[in-house]
Every structure is written in structure tokens, then in C-alpha cells.
Amino acid sequence: MSAVSSAPKATVASRRFTVWVASRTNLMILAFGVLVLLVLIVFPLFGPTNWTRRLIDFFSYLALAQLWNLMLGYAGLISVGQQGFIGIGAYTLWLFSDIIGIHPLISVVFAAAAGVIIAFPAAALVFRLKGGYLAIGTWVIAEIMRLIVANIKRTGGGSGITIQATSRLAQTLGDAAWYSRVYWWGLAAALIAIAVVYLLLRSRTGLGLQAMRDNDLAAESCGVNLWRAKLYTYVIAGGGCALVGAVQAMYSLRVHPGSAFSVNWTAYLIFISVIGGIGTIEGPIIGAIIFYVLRETTSKYGTWYFIALGLIAIIVTVWSPAGIYGWVLKKTKFYLFPLQRRLRLLTEGSESRRTSRAETPEGAVQA
Amino acid sequence: MSLLEIKDLSVFYEDFQALYDISLTVEEGEIFACIGANGAGKSTLLRTIAGVLSARRGHILFDGKPIDHLPPYKRVELGISSVPEGRRVFPSLTVHENLLMGAYRKRKGPWTADAIYELFPLLVPLRKRQASGLSGGEQQALAIGRALMANPRLILMDEVSLGLAPVVIKRIYEAFPTMLANGCTILVVEQDVQHVLTVANHVACFLEGRISLQGVPCELTVDQITAAYFGV
Amino acid sequence: MDWINAIIQGILLGGLYALFAVGLSLVFGTMRLTNLAHGDLTVLPAYIALILVGSANRFNPLYSIPIVMVIMFIVGYLLQRGLLNFVVGRGDIQGVIVTFALSIIIMNGLQEGFTANSQGLDAGKIENLSITISDRLAIGWLPLIIFLMAVVVVAALQLFMGKTKMGRAFRAVSDDQEAARLMGVNTRHIWGVAMGVALLIVSIGGVMMGIRTTFNPMLGSDRLIFAFESVIIGGMGSSWGTLLGGVVLGVAQLLGARAFGPAWQLLVGHVVFVLVLALRPQGFLPKTVTA
């Protein structure tokens with residue numbers, strides 16, 4: 001059985017150890033996951049269009065929640081203003097498609113870039129605040145973006161505007177084909193978000209971010225550059241949310257400041273992250289599924305739907321702050337996307353393995 | 001009946017056990033010293049008595065009555081006052097305001113602000129100064145004065161000599177007899193055994209969460225104490 | 001003259017913002033809780049006044065203010081002890097999430113109970129009464145009263161904090177929660193009182209604004225932002241600073257509206273906020289406490 005350990009065997013004061021990174025069960029899940037992924041990729045080719053459209057929404061929320069989680073769970077940045085970047089992405093898509101004349105499916109890249117670029121000055125301002133006030137600061141930034149866009153007549157002002165390029169494409173290609181293309185961008189957004197979060201956090205910077213979450217001062221004294229790590233997180237999230245905004249714009253074929261910059265986006269992704277579990281990758285996936293099911297079944301009740309979301313979020317936060325996946329973790333200690341490294345001590349000369357302090361997950365790979 | 005009785009007290013910080021089945025008794029009017037190295041559990045004991053920590057097992061009896069489920073402010077009402085580790089005076093309040101805070105839930109008794117200023121004359125010129133601007137020794141005097149303002153029957157002192165010059169420590173210990181004369185029992189925690197053993201009536205030595213030695217200081221040898229302190 | 005009018009109106013508007021802001025910073029100062037539902041809790045009192053006024057005949061809403069203040073104090077105390085005390089001290093994240101969710105609940109609850117339509121409170125003649133200074137300059141009584149209330153509240157708060165036993169307790173709890181507990185302070189009760197006082201203060205502004213103009217369930221978000229901006233511009237930790245911050249914001253907004261048109265009012269305010277944050281992040285009158 002091949003080793004999945006990322007470090008060679010080493011010796012520390014007569015105790016040999018190795019760094020364990022994933023279990024055998026993880027590998028099986030990985031294989032299954034690849035299968036699921038292949039199905040998802042080809043889905044629009046044979047699936048019904050209304051399901052394709054639903055999945056675009058689902059992937060959007062999933063991507064947003066992952067990015068929000070990246071900022072929050074690992075960098076301690078609380079943002080209630082990501083809708084600013086979503087709106088920027090949507091309007092940049094319109095700008096490049098209709099005004100500049102680049103194909104919408106390519107304009108998406110520019111939309112993401114716009115999010116990244118704007119994130120820098122936004123960060124410079126917002127990072128002067130801390131904690132809850134930082135959160136409100138992000139909201140103010142989003143409001144500024146909304147007001148600027150809404151005050152420019154050319155964008156259609158407060159009533160929004162249709163993205164001609166996308167409506168034309170939807171007409172000429174037909175619904176199924178157009179939404180398939182939007183779908184692939186949506187799927188890409190979700191995959192990129194998950195991949196970025198996963199790779200970033202397994203890297204050295206990632207360990208630093210996780211350390212930072214637990215103790216600013218301790219992390220800094222270990223040489224982690226806090227400010228830069230926070231900045232990168234915020235910028236990545238900005239670009240990712242702008243990407244989702246562009247996808248949403250292509251999905252609705254129009255942009256409107258009230259909906260593109262709506263604080264409801266934040267409400268949704270907070271709910272998803274809280275329900276699923278803050279600080280994990282698996283959490284938002286579960287949260288997004290639950291959220292979507294709830295939406296499909298109850299959102300017609302309008303205000304009561306929102307009140308229910310709010311109540312559930314409060315109850316989960318106060319009584320089970322780690323969310324559903326946190327609860328699962330406590331029972332099974334199983335990670336779909338393992339981010340931890342565990343130290344496993346090898347006894348001298350023998351074949352047996354012992355973990356240093358905590359549990360040994362079942363099926364741990366022999367290193 | 002003893003003033004304070006601790007029975008089989010076990011205290012945890014999440015999964016980590018800090019105190020293992022601690023039992024001790026403090027009589028009214030005495031000075032009881034808890035000594036031990038850093039992390040031995042002495043501060044944990046004081047905080048549990050004061051009520052900011054809960055014990056998972058065991059009981060605390062004050063005046064014969066269990067106080068385990070009482071919140072800290074009720075314990076102050078009963079007469080348990082604290083001089084916390086690190087002094088923890090209120091930095092944005094003045095010296096006088098800090099003393100007034102000590103009297104927030106005061107009981108009847110001889111301690112007033114004026115009496116504190118008499119006990120610690122060094123505080124008199126500092127009355128209107130913000131507590132954050134005081135030296136270590138001044139803050140310690142203030143913290144003790146603040147605890148006395150509640151007219152406690154039992155005063156819990158956590159590491160009062162930490163970081164202070166010997167002459168300052170001496171001055172603080174000189175206040176003890178006045179405190180006792182005014183109806184206070186003192187439970188003091190110290191890492192520095194030298195001073196405290198000269199005034200204590202009873203001593204308990206802590207080692208890794210357990211009591212390794214208990215007794216009357218004059219009946220214990222230096223070797224015994226050293227062994228109990230370091231666990232050799 | 002129009003510019004002077006804008007400035008004066010801005011100062012008076014600043015009084016309102018200060019009323020809202022003082023509540024926000026009182027809660028933050030005492031328990032490090034950023035209450036994202038704060039704005040909505042300034043809209044709620046107007047609806048409570050609406051119910052009170054509707055239940056009695058010819059009841060002038062101005063007289064409802066003391067009653068609403070008491071009700072909002074109780075609401076704040078219960079909210080704090082019933083819910084928010086559980087998230088105080090558990091980190092910023094939980095506080096933000098819970099108060100944000102609370103904001104959503106209040107906003108939608110009000111919408112469900114009263115519809116999204118604008119409502120108004122009719123206080124009769126006083127709404128239009130004004131002091132005429134010159135033939136082109138008049139100051140409305142209502143805005144002036146609001147401003148004066150703000151000054152009174154800030155002065156009263158300073159007195160309360162500085163001279164009363166409970167005010168001292170507020171400061172002590174804010175400095176060191178555990179030490180305060182060791183001194184016999186019931187922190188859960190103090191936090192309840194702090195939230196109660198904060199909501200009592202904002203209810204003055206909330207009802208008066210309901211009289212002065214219309215209100216609807218959606219106003220909360222903007223009000224939260226104005227309160228926040230006032231605190232930051234003025235400088236954290238200082239009540240007079242918050243009053244100044246509110247005035248700066250109010251003046252900026254109305255000058256902006258005068259210069260560029262009403263659609264730019266909010267944006268100009270935000271821009272001034274951004275400038276202060278960028279150039280003088282500690283605000284104009286920060287209170288420095290060396291710990």
C-alpha cells in the first residue's frame with residue numbers, strides 16, 4: 001500500500017515518527033469523488049435544463065460559502081460585505097460584454113480580475129478595523145460600491161439593465177446550450193474555490209493561517225506574516241466572489257444594483273456556513289445542500305423563510321457552534337478533505353504503529 | 001466549625017485535569033499558605049473558591065454551608081474576597097475608584113477607604129491617579145486594599161509577592177496582622193516560600209495538581225518542604 | 001444661505017446619528033459586542049409607538065416616548081440576558097452571526113407584522129413648527145429637540161459613567177470582566193442593563209424620527225451604518241467624540257446632497273467616513289487608555 005505521508009521518516013531523540021496526512025478511507029472517498037465530479041461535468045449534456053439552472057445556483061452558494069469560510073474560519077476576517085464583490089463581478093461582466101464587446105464567457109475572467117483589483121484598496125481601509133467593526137466596515141464598502149454603480153446613469157441606475165450580449169446568446173444558442181455554458185463556469189467557480197481553500201490551507205501559509213485563527217500573537221512570533229496572509233485571503237475571496245457575481249449575471253441575463261449588491265447574499269452564505277460548520281471544507285457543502293432544499297421547499301413563504309433561516313442560524317451558533325459537520329466530526333473524526341497533519345510515533349524496530357496522543361482513524365495508511 | 005473546607009475537589013480545564021481530589025481546611029483567624037511551583041494548581045484552587053471556575057467533583061464549604069453552585073458575586077456577599085494573580089486592578093479607573101469597586105458588594109465592617117489609606121499610606125498621593133500608571137508594588141497594595149473594602153471574612157491572595165522588590169514585599173506582609181485583627185482570614189498562594197512560611201499558621205504544598213505535603217511550618221523541615229515542592 | 005442651511009440641518013441631523021451611535025458604542029464598550037441588529041432596534045421603537053398610538057384615541061406620539069423608552073429598556077435587558085449573554089466573550093464571530101441573524105429576523109418580522117409600506121407617526125403641529133431666523137433660514141423645532149436630546153444624553157451618560165456606582169461598574173466590567181466578577185459584580189446583569197440603556201437611548205431617536213419623517217422595516221441597515229460611521233469618525237471610547245462624529249457625518253451628507261443632488265447624500269457621507277478611516281483612523285477625539 002503506497003504511503004500518503006508527506007514527510008520522510010525522521011528521527012527525534014530516538015523516537016522515529018512520520019507525518020500522517022490521509023487515511024485509506026480518504027482515498028476511497030477520493031475515487032468516489034472523482035466519479036461524482038465526472039458526472040457533474042457531463043450533467044448539462046443529458047440533464048434537464050431546469051436542473052442545470054438549479055445547480056448553477058447551488059454552485060454559486062457553495063463557492064461563496066467556501067470563500068467566506070476561508071476568510072473567517074482561517075484568517076479571522078468577518079465579512080458581511082462580500083455582496084460588494086458579487087456586484088462588482090456582475091457589473092464588470094456587463095461592462096466587458098456590452099460596452100467593450102468581449103464575449104461574455106471570456107468576460108468572466110475580467111470580472112474576477114476586477115474583484116481582485118478592488119480588493120486591495122478595500123483591504124487597506126477595512127484592515128484598520130477589528131472584529132465586529134471590521135465586519136460593518138466591509139458592509140460599508142459594499143454599500144459604497146452599490147451606490148457608485150447605482151448613481152451612474154449608463155449602468156441603468158437604480159433599475160438595472162439587461163446584458164444584451166447574454167440575452168442574444170441565450171436566444172441564438174437556445175436555453176439548454178446557454179445554461180450549460182453558464183453551468184460550467186459555475187462548476188468551475190465552486191471547484192476553484194474548494195481547490196484554492198484546500199491547497200492554500202495545506203501549504204505553509206495555510207498552517208500559518210490556521211495558527212493565526214487560534215492565536216494572533218503566537219502565530220506572529222513564529223514568523224507568520226499576518227498582514228500578508230490576511231490580505232491574500234481577502235483578495236482571493238474578492239476575486240472568487242466577483243467570479244460568482246459574473247456567473248449570476250449570465251444566469252439572470254441582467255444586472256440590478258438591488259439584487260447584485262443585496263445583503264441577502266451575506267445572509268445566505270452565513271446561514272450555509274453556520275449550519276454546515278465553520279472552519280471546514282465539508283461544512284459548507286452540507287450547508288449548501290440543506291440551504292438549497294429549504295429554499296426549494298419554503299422560500300415561497302417570503303418573510304417567514306428568512307425568519308426561519310435567522311432562527312436556525314442563532315440556535316446552531318449558540319448551541320452547536322461547530323455546525324452539523326462539527327457534530328459529525330466529534331462522532332467520527334472523519335475528514336473528507338483532510339487538512340490536519342498528525343504525528344505518528346513509530347516504536348523502535350517493530351512493525352506496530354502508535355499515534356502520539358489522540359485517536360487513530362480507522363484504516364490509517366501504513367507509512 | 002472551620003471557615004473554609006475543601007473536600008475532594010477536582011477541577012478541569014476542558015480535558016486537562018488541574019486539581020486532583022484536593023482536601024484542606026482553613027480555620028477562622030489564621031494565615032493559610034499554599035505553596036508550589038508554577039502550574040501546580042494553586043491559582044486554580046483560588047479561582048475555584050472564588051467561583052470563576054467550577055469544579056467537576058468535590059465540594060467547597062464556607063462556614064459549613066456548600067457554596068459550589070453560587071456565582072462569584074454571591075460569594076463576595078458571603079465574605080470571600082480576592083486579590084487576583086497579576087493584581088488586575090482596573091486600569092482606566094483611578095485608585096480611589098478601584099477601592100470603591102472593591103466595596104461594590106460590601107458587607108458591614110471596619111474597612112473603609114480611609115482605613116485602607118491608613119494601612120497603605122503610599123496610596124494617599126495616588127488617589128486620583130489612573131491605576132494603569134502605578135508601579136507593581138503600588139498596584140499590589142491597591143489590589144489588597146480593594147479586596148479589603150468588601151469587609152471579607154476570607155481573603156484569597158494569589159502570588160502577592162510576584163515581581164516585587166523585597167522591601168515592598170516586606171511592607172505588604174507587615175499589613176497582615178492588621179488584616180487579621182480586623183476579622184479577616186488569609187489564604188495566600190506563593191511561589192516564594194521564604195517569606196510566607198514565616199507568617200503562615202498552616203501550609204499546603206502543591207505538586208502537579210495534588211497536595212504533596214500539609215502541616216504546620218515550624219514542624220516541617222527544609223528538606224521535607226523542598227522534596228514536596230519539587231517532587232523529588 | 002442654502003449652504004448655511006445645509007450645514008445647520010446637517011448638525012441637527014448629526015444629533016440624531018449621535019443618539020443612535022452612542023447606543024452602539026455603549027454596548028461595544030461594555031461587552032465588546034458589535035450588535036449588527038442595532039439599526040433595526042432603532043426602527044422597532046417607532047413601530048411600538050405606532051401600536052401605542054393606535055390603541056388610544058388622539059394620543060400624541062410624543063407622549064408615547066417615555067413609555068417606549070421603558071419598553072425598549074425591558075426588551076434590551078431581556079434580549080441581552082436571554083440570548084446575547086451567551087455569545088458575549090465567545091469571540092467576535094458568534095456575536096456577528098447572531099446579531100446579523102437577529103437583524104434579519106427583526107426586519108422580516110416587522111415586515112410580516114406591518115407590511116413593507118412606509119408608516120408615519122402624526123404629532124400634529126409640532127412637526128411643522130420652526131424657528132425663523134431670517135427670511136431664508138428656519139430651524140425646525142423637531143430636529144432641534146432631537147439635537148438637544150442628543151447633547152443631554154451624552155452629558156447624562158458621561159455623568160453616569162463617571163459618578164455613579166453602576167457607571168463605575170460598567171467601566172470596571174469593560175476593563176476586566178473577571179476582576180469585576182471577583183469584586184462582586186454580577187456581569188450578566190450589568191450587560192443586561194447596558195443593552196437596556198442603549199436601547200432606551202436609541203428609542204428616543206427612533207420615535208422622533210418616526211414623527212419627523214416616515215419609517216419602514218428596511219431602514220435598519222442604513223442606520224447601523226450611520227451609527228458605526230459616527231463612532232469611527234468621532235473616535236472610539238468617547239461619547240462627546242461620538243456626538244462630533246455624528247455631526248461631521250450629518251453635515252457631510254447634507255452638504256453632499258446640496259452640492260450633487262439627493263441621490264449622492266449617502267455616498268458623500270461614506271466617502272468622508274472612508275477619508276477619516278484612511279487618514280486618521282483613530283477618529284477625531286479618541287480616548288486613549290493605557291492598559
# chains A, B, ... in the order shown; residues from 1 in each chain; ligands from 1
>>> residues_around(residues="Gly158 (chain A)", least_positions_apart="4", cutoff="12 Å", atoms="only C-alpha atoms", output="count of residues only")
17
>>> residues_around(residues="region 89-99 of chain B", least_positions_apart="2", cutoff="10 Å", atoms="only C-alpha atoms", output="ChimeraX atom specification")
/B:83-84,86-87,101-104,112-113,116-117,123-134,138-140,142-150 /C:162-163,165,168-169,171-177,179-180,183,288-291
>>> select_by_dssp(residues="region 2-93 of chain B", states="alpha helix (DSSP H)", output="ChimeraX atom specification")
/B:42-50,72-78
>>> write_last_selection(atoms="C-alpha atoms", output="mmCIF file, in the first residue's frame")
data_model
loop_
_atom_site.group_PDB
_atom_site.id
_atom_site.type_symbol
_atom_site.label_atom_id
_atom_site.label_comp_id
_atom_site.auth_asym_id
_atom_site.auth_seq_id
_atom_site.Cartn_x
_atom_site.Cartn_y
_atom_site.Cartn_z
ATOM 1 C CA LYS B 42 -2.622 26.849 43.344
ATOM 2 C CA SER B 43 -4.251 29.634 41.346
ATOM 3 C CA THR B 44 -6.790 27.171 40.030
ATOM 4 C CA LEU B 45 -7.780 26.434 43.608
ATOM 5 C CA LEU B 46 -8.233 30.089 44.476
ATOM 6 C CA ARG B 47 -10.262 30.782 41.370
ATOM 7 C CA THR B 48 -12.483 27.825 42.130
ATOM 8 C CA ILE B 49 -13.050 29.039 45.672
ATOM 9 C CA ALA B 50 -13.857 32.498 44.324
ATOM 10 C CA PRO B 72 -18.859 34.772 42.277
ATOM 11 C CA TYR B 73 -20.888 37.798 43.301
ATOM 12 C CA LYS B 74 -22.862 35.781 45.832
ATOM 13 C CA ARG B 75 -19.628 34.530 47.336
ATOM 14 C CA VAL B 76 -18.413 38.089 47.780
ATOM 15 C CA GLU B 77 -21.645 38.747 49.626
ATOM 16 C CA LEU B 78 -20.860 35.846 51.939
#
>>> closest_atom_pairs(of="chain A", to="chain C", cutoff="9 Å", atoms="only C-alpha atoms", output="Markdown table")
| residue | atom | partner | partner_atom | distance |
| --- | --- | --- | --- | --- |
| A:Leu72 | CA | C:Ile93 | CA | 8.0 |
| A:Gly76 | CA | C:Ile93 | CA | 8.0 |
| A:Leu77 | CA | C:Ile93 | CA | 8.7 |
| A:Ile78 | CA | C:Ile93 | CA | 6.7 |
| A:Val80 | CA | C:Phe100 | CA | 8.8 |
| A:Ala124 | CA | C:Ala278 | CA | 8.1 |
| A:Leu125 | CA | C:Ala278 | CA | 6.1 |
| A:Val126 | CA | C:Leu277 | CA | 8.5 |
| A:Arg128 | CA | C:Pro281 | CA | 6.9 |
| A:Leu129 | CA | C:Pro281 | CA | 8.4 |
| A:Gly131 | CA | C:Asp92 | CA | 5.7 |
| A:Gly132 | CA | C:Thr34 | CA | 5.1 |
| A:Tyr133 | CA | C:Thr34 | CA | 6.7 |
| A:Ala135 | CA | C:Val96 | CA | 7.8 |
| A:Ile136 | CA | C:Ile225 | CA | 7.1 |
| A:Gly137 | CA | C:Ile225 | CA | 8.5 |
| A:Trp139 | CA | C:Ile225 | CA | 8.1 |
| A:Val140 | CA | C:Ile225 | CA | 6.8 |
| A:Ile141 | CA | C:His270 | CA | 8.5 |
| A:Glu143 | CA | C:Leu267 | CA | 8.4 |
| A:Ile144 | CA | C:Leu267 | CA | 6.3 |
| A:Leu147 | CA | C:Leu267 | CA | 6.4 |
| A:Ile148 | CA | C:Leu267 | CA | 7.5 |
| A:Asn151 | CA | C:Ala263 | CA | 7.2 |
| A:Ala267 | CA | C:Ala101 | CA | 7.6 |
| A:Ile270 | CA | C:Ile97 | CA | 7.2 |
| A:Phe271 | CA | C:Ala101 | CA | 8.6 |
| A:Val274 | CA | C:Ile97 | CA | 8.3 |
| A:Gly302 | CA | C:Asn108 | CA | 8.8 |
| A:Thr303 | CA | C:Asn108 | CA | 5.2 |
| A:Trp304 | CA | C:Asn108 | CA | 7.4 |
| A:Phe306 | CA | C:Ile104 | CA | 6.8 |
| A:Ile307 | CA | C:Ile105 | CA | 4.7 |
| A:Ala308 | CA | C:Ile105 | CA | 8.0 |
| A:Leu309 | CA | C:Ala101 | CA | 7.8 |
| A:Gly310 | CA | C:Ala101 | CA | 4.5 |
| A:Leu311 | CA | C:Ala101 | CA | 7.1 |
| A:Ile312 | CA | C:Ala101 | CA | 8.8 |
| A:Ala313 | CA | C:Ala101 | CA | 6.6 |
| A:Ile314 | CA | C:Val98 | CA | 5.2 |
| A:Ile315 | CA | C:Val98 | CA | 8.7 |
| A:Thr317 | CA | C:Gln94 | CA | 6.5 |
| A:Val318 | CA | C:Phe86 | CA | 6.8 |
| A:Pro321 | CA | C:Gln94 | CA | 8.1 |
>>> closest_residue(among="C:Ala156, C:Leu219, C:Leu243, C:Leu50", to="Tyr63 (chain C)", atoms="only C-alpha atoms")
C:Leu50
>>> residues_around(residues="region 187-194 of chain A", least_positions_apart="4", cutoff="7 Å", atoms="only C-alpha atoms", output="list in words")
Phe59, Ser60, Leu62, Ala63, Gln66, Leu67, Tyr183, Tyr198, Gly240, Leu243 and Val244 of chain A
>>> write_last_selection(atoms="N, CA and C atoms", output="compact mmCIF listing (two decimals), in the first residue's frame")
# COMPACT_ATOMS: atom_id res chain seq x y z
N PHE A 59 -23.98 25.80 -7.03
CA PHE A 59 -22.54 26.00 -7.08
C PHE A 59 -22.16 27.42 -6.67
N SER A 60 -23.00 28.39 -7.03
CA SER A 60 -22.71 29.77 -6.64
C SER A 60 -22.64 29.88 -5.11
N LEU A 62 -22.24 27.55 -2.94
CA LEU A 62 -21.16 26.73 -2.41
C LEU A 62 -19.83 27.48 -2.50
N ALA A 63 -19.57 28.07 -3.66
CA ALA A 63 -18.33 28.80 -3.84
C ALA A 63 -18.24 29.97 -2.84
N GLN A 66 -17.51 28.75 0.69
CA GLN A 66 -16.13 28.30 0.86
C GLN A 66 -15.21 29.50 1.05
N LEU A 67 -15.41 30.52 0.23
CA LEU A 67 -14.53 31.68 0.31
C LEU A 67 -14.75 32.44 1.61
N TYR A 183 -23.38 26.99 -16.55
CA TYR A 183 -23.19 25.92 -15.56
C TYR A 183 -21.73 25.57 -15.40
N TYR A 198 -8.44 24.36 -0.18
CA TYR A 198 -7.74 23.15 0.23
C TYR A 198 -6.23 23.27 0.07
N GLY A 240 -12.93 35.58 -6.09
CA GLY A 240 -13.86 34.47 -6.20
C GLY A 240 -15.31 34.92 -6.18
N LEU A 243 -16.23 36.42 -9.40
CA LEU A 243 -16.46 35.35 -10.37
C LEU A 243 -17.90 34.84 -10.25
N VAL A 244 -18.32 34.60 -9.02
CA VAL A 244 -19.69 34.15 -8.80
C VAL A 244 -20.68 35.20 -9.27
>>> residues_around(residues="Gly241 (chain C)", least_positions_apart="5", cutoff="12 Å", atoms="only C-alpha atoms", output="count of residues only")
27
>>> select_by_dssp(residues="region 2-228 of chain B", states="strand (DSSP E)", output="ChimeraX atom specification")
/B:4-13,16-26,31-36,57-62,65-66,80-83,154-158,185-190,202-207,210-215
>>> atom_distance(atom1="CA of Val188 (chain B)", atom2="CA of Gly29 (chain B)")
13.1 Å
>>> residues_around(residues="Leu187 (chain B)", least_positions_apart="2", cutoff="10 Å", atoms="only C-alpha atoms", output="short mmCIF file (atom, residue, chain, number, x, y, z; two decimals) with N, CA and C atoms, in the first residue's frame")
data_model
loop_
_atom_site.label_atom_id
_atom_site.label_comp_id
_atom_site.auth_asym_id
_atom_site.auth_seq_id
_atom_site.Cartn_x
_atom_site.Cartn_y
_atom_site.Cartn_z
N LEU B 4 -13.37 27.52 56.10
CA LEU B 4 -13.39 27.01 54.74
C LEU B 4 -13.00 25.55 54.74
N VAL B 26 -9.38 25.46 56.35
CA VAL B 26 -8.83 26.73 56.81
C VAL B 26 -9.66 27.21 58.00
N GLU B 30 -6.74 32.45 60.82
CA GLU B 30 -5.37 32.02 60.59
C GLU B 30 -4.89 32.48 59.20
N ILE B 31 -3.58 32.29 59.02
CA ILE B 31 -2.99 32.52 57.70
C ILE B 31 -2.63 31.15 57.14
N PHE B 32 -3.24 30.80 56.03
CA PHE B 32 -3.00 29.51 55.41
C PHE B 32 -2.25 29.73 54.12
N ALA B 33 -1.12 29.07 53.98
CA ALA B 33 -0.29 29.27 52.79
C ALA B 33 -0.38 28.07 51.86
N CYS B 34 -0.53 28.34 50.57
CA CYS B 34 -0.41 27.29 49.56
C CYS B 34 0.83 27.59 48.75
N LEU B 46 -7.67 28.80 44.04
CA LEU B 46 -8.23 30.09 44.48
C LEU B 46 -9.39 30.52 43.59
N SER B 82 -11.12 38.56 46.77
CA SER B 82 -9.94 38.09 46.05
C SER B 82 -8.95 39.17 45.70
N LEU B 154 -12.87 36.05 54.47
CA LEU B 154 -11.76 35.28 53.93
C LEU B 154 -11.22 36.02 52.74
N ILE B 155 -9.91 36.29 52.75
CA ILE B 155 -9.31 36.98 51.62
C ILE B 155 -8.36 36.02 50.92
N LEU B 156 -8.56 35.89 49.61
CA LEU B 156 -7.76 34.97 48.81
C LEU B 156 -6.68 35.77 48.09
N MET B 157 -5.42 35.49 48.42
CA MET B 157 -4.35 36.28 47.81
C MET B 157 -3.52 35.40 46.90
N ASP B 158 -3.45 35.78 45.65
CA ASP B 158 -2.73 34.95 44.67
C ASP B 158 -1.42 35.61 44.27
N CYS B 184 -10.22 39.22 59.42
CA CYS B 184 -10.01 38.58 58.13
C CYS B 184 -9.19 37.31 58.28
N THR B 185 -9.56 36.27 57.56
CA THR B 185 -8.72 35.09 57.46
C THR B 185 -8.02 35.17 56.12
N VAL B 189 -1.42 32.32 48.34
CA VAL B 189 -0.69 31.44 47.43
C VAL B 189 0.63 32.10 47.08
N ALA B 200 2.83 32.01 58.13
CA ALA B 200 1.70 31.10 57.98
C ALA B 200 1.51 30.21 59.20
N HIS B 202 -0.59 27.47 58.78
CA HIS B 202 -0.64 26.17 58.13
C HIS B 202 -0.10 26.31 56.72
N VAL B 203 0.45 25.23 56.21
CA VAL B 203 0.91 25.28 54.83
C VAL B 203 0.50 24.01 54.09
#
>>> atom_distance(atom1="CA of Phe230 (chain B)", atom2="CA of Ser161 (chain B)")
19.9 Å
>>> residues_around(residues="Ile22 (chain B)", least_positions_apart="5", cutoff="7 Å", atoms="only C-alpha atoms", output="VMD selection string")
chain B and resid 6 to 10 210 to 211
>>> write_last_selection(atoms="N, CA and C atoms", output="PDB file, in the first residue's frame")
ATOM      1  N   ILE B   6     -12.414  22.358  52.029  1.00  0.00           N
ATOM      2  CA  ILE B   6     -12.361  21.862  50.656  1.00  0.00           C
ATOM      3  C   ILE B   6     -12.350  20.341  50.734  1.00  0.00           C
ATOM      4  N   LYS B   7     -13.279  19.705  50.014  1.00  0.00           N
ATOM      5  CA  LYS B   7     -13.354  18.234  50.094  1.00  0.00           C
ATOM      6  C   LYS B   7     -13.240  17.623  48.722  1.00  0.00           C
ATOM      7  N   ASP B   8     -12.188  16.872  48.492  1.00  0.00           N
ATOM      8  CA  ASP B   8     -12.047  16.058  47.277  1.00  0.00           C
ATOM      9  C   ASP B   8     -12.321  16.842  46.006  1.00  0.00           C
ATOM     10  N   LEU B   9     -11.730  17.998  45.921  1.00  0.00           N
ATOM     11  CA  LEU B   9     -12.012  18.896  44.806  1.00  0.00           C
ATOM     12  C   LEU B   9     -11.206  18.508  43.571  1.00  0.00           C
ATOM     13  N   SER B  10     -11.890  18.304  42.457  1.00  0.00           N
ATOM     14  CA  SER B  10     -11.205  18.066  41.190  1.00  0.00           C
ATOM     15  C   SER B  10     -11.659  19.101  40.175  1.00  0.00           C
ATOM     16  N   ARG B 210      -1.799  18.032  42.931  1.00  0.00           N
ATOM     17  CA  ARG B 210      -2.107  17.318  44.170  1.00  0.00           C
ATOM     18  C   ARG B 210      -1.381  17.984  45.341  1.00  0.00           C
ATOM     19  N   ILE B 211      -1.868  17.716  46.547  1.00  0.00           N
ATOM     20  CA  ILE B 211      -1.173  18.241  47.732  1.00  0.00           C
ATOM     21  C   ILE B 211      -0.106  17.231  48.122  1.00  0.00           C
TER      22      ILE B 211
END
>>> closest_residue(among="C:Gly54, C:Gly29, C:Gly196, C:Gly140", to="Asn5 (chain C)", atoms="only C-alpha atoms")
C:Gly140
>>> residues_around(residues="region 78-80 of chain C", least_positions_apart="3", cutoff="10 Å", atoms="only C-alpha atoms", output="VMD selection string")
chain C and resid 72 to 75 83 to 88 188 to 196
>>> write_last_selection(atoms="C-alpha atoms", output="PDB file, in the first residue's frame")
ATOM      1  CA  MET C  72     -37.232  49.191  24.918  1.00  0.00           C
ATOM      2  CA  PHE C  73     -35.194  49.040  28.111  1.00  0.00           C
ATOM      3  CA  ILE C  74     -37.003  45.875  29.064  1.00  0.00           C
ATOM      4  CA  VAL C  75     -36.624  44.489  25.549  1.00  0.00           C
ATOM      5  CA  LEU C  83     -29.717  35.463  24.135  1.00  0.00           C
ATOM      6  CA  LEU C  84     -26.780  37.772  23.703  1.00  0.00           C
ATOM      7  CA  ASN C  85     -25.103  36.959  27.018  1.00  0.00           C
ATOM      8  CA  PHE C  86     -24.435  33.529  25.567  1.00  0.00           C
ATOM      9  CA  VAL C  87     -22.302  34.914  22.791  1.00  0.00           C
ATOM     10  CA  VAL C  88     -20.501  37.660  24.674  1.00  0.00           C
ATOM     11  CA  ARG C 188     -24.710  39.168  33.355  1.00  0.00           C
ATOM     12  CA  HIS C 189     -26.965  41.725  34.999  1.00  0.00           C
ATOM     13  CA  ILE C 190     -24.658  44.623  34.115  1.00  0.00           C
ATOM     14  CA  TRP C 191     -24.603  43.596  30.485  1.00  0.00           C
ATOM     15  CA  GLY C 192     -28.374  43.393  30.522  1.00  0.00           C
ATOM     16  CA  VAL C 193     -28.575  46.898  31.934  1.00  0.00           C
ATOM     17  CA  ALA C 194     -26.087  48.166  29.357  1.00  0.00           C
ATOM     18  CA  MET C 195     -28.133  46.830  26.465  1.00  0.00           C
ATOM     19  CA  GLY C 196     -31.291  48.133  28.109  1.00  0.00           C
TER      20      GLY C 196
END
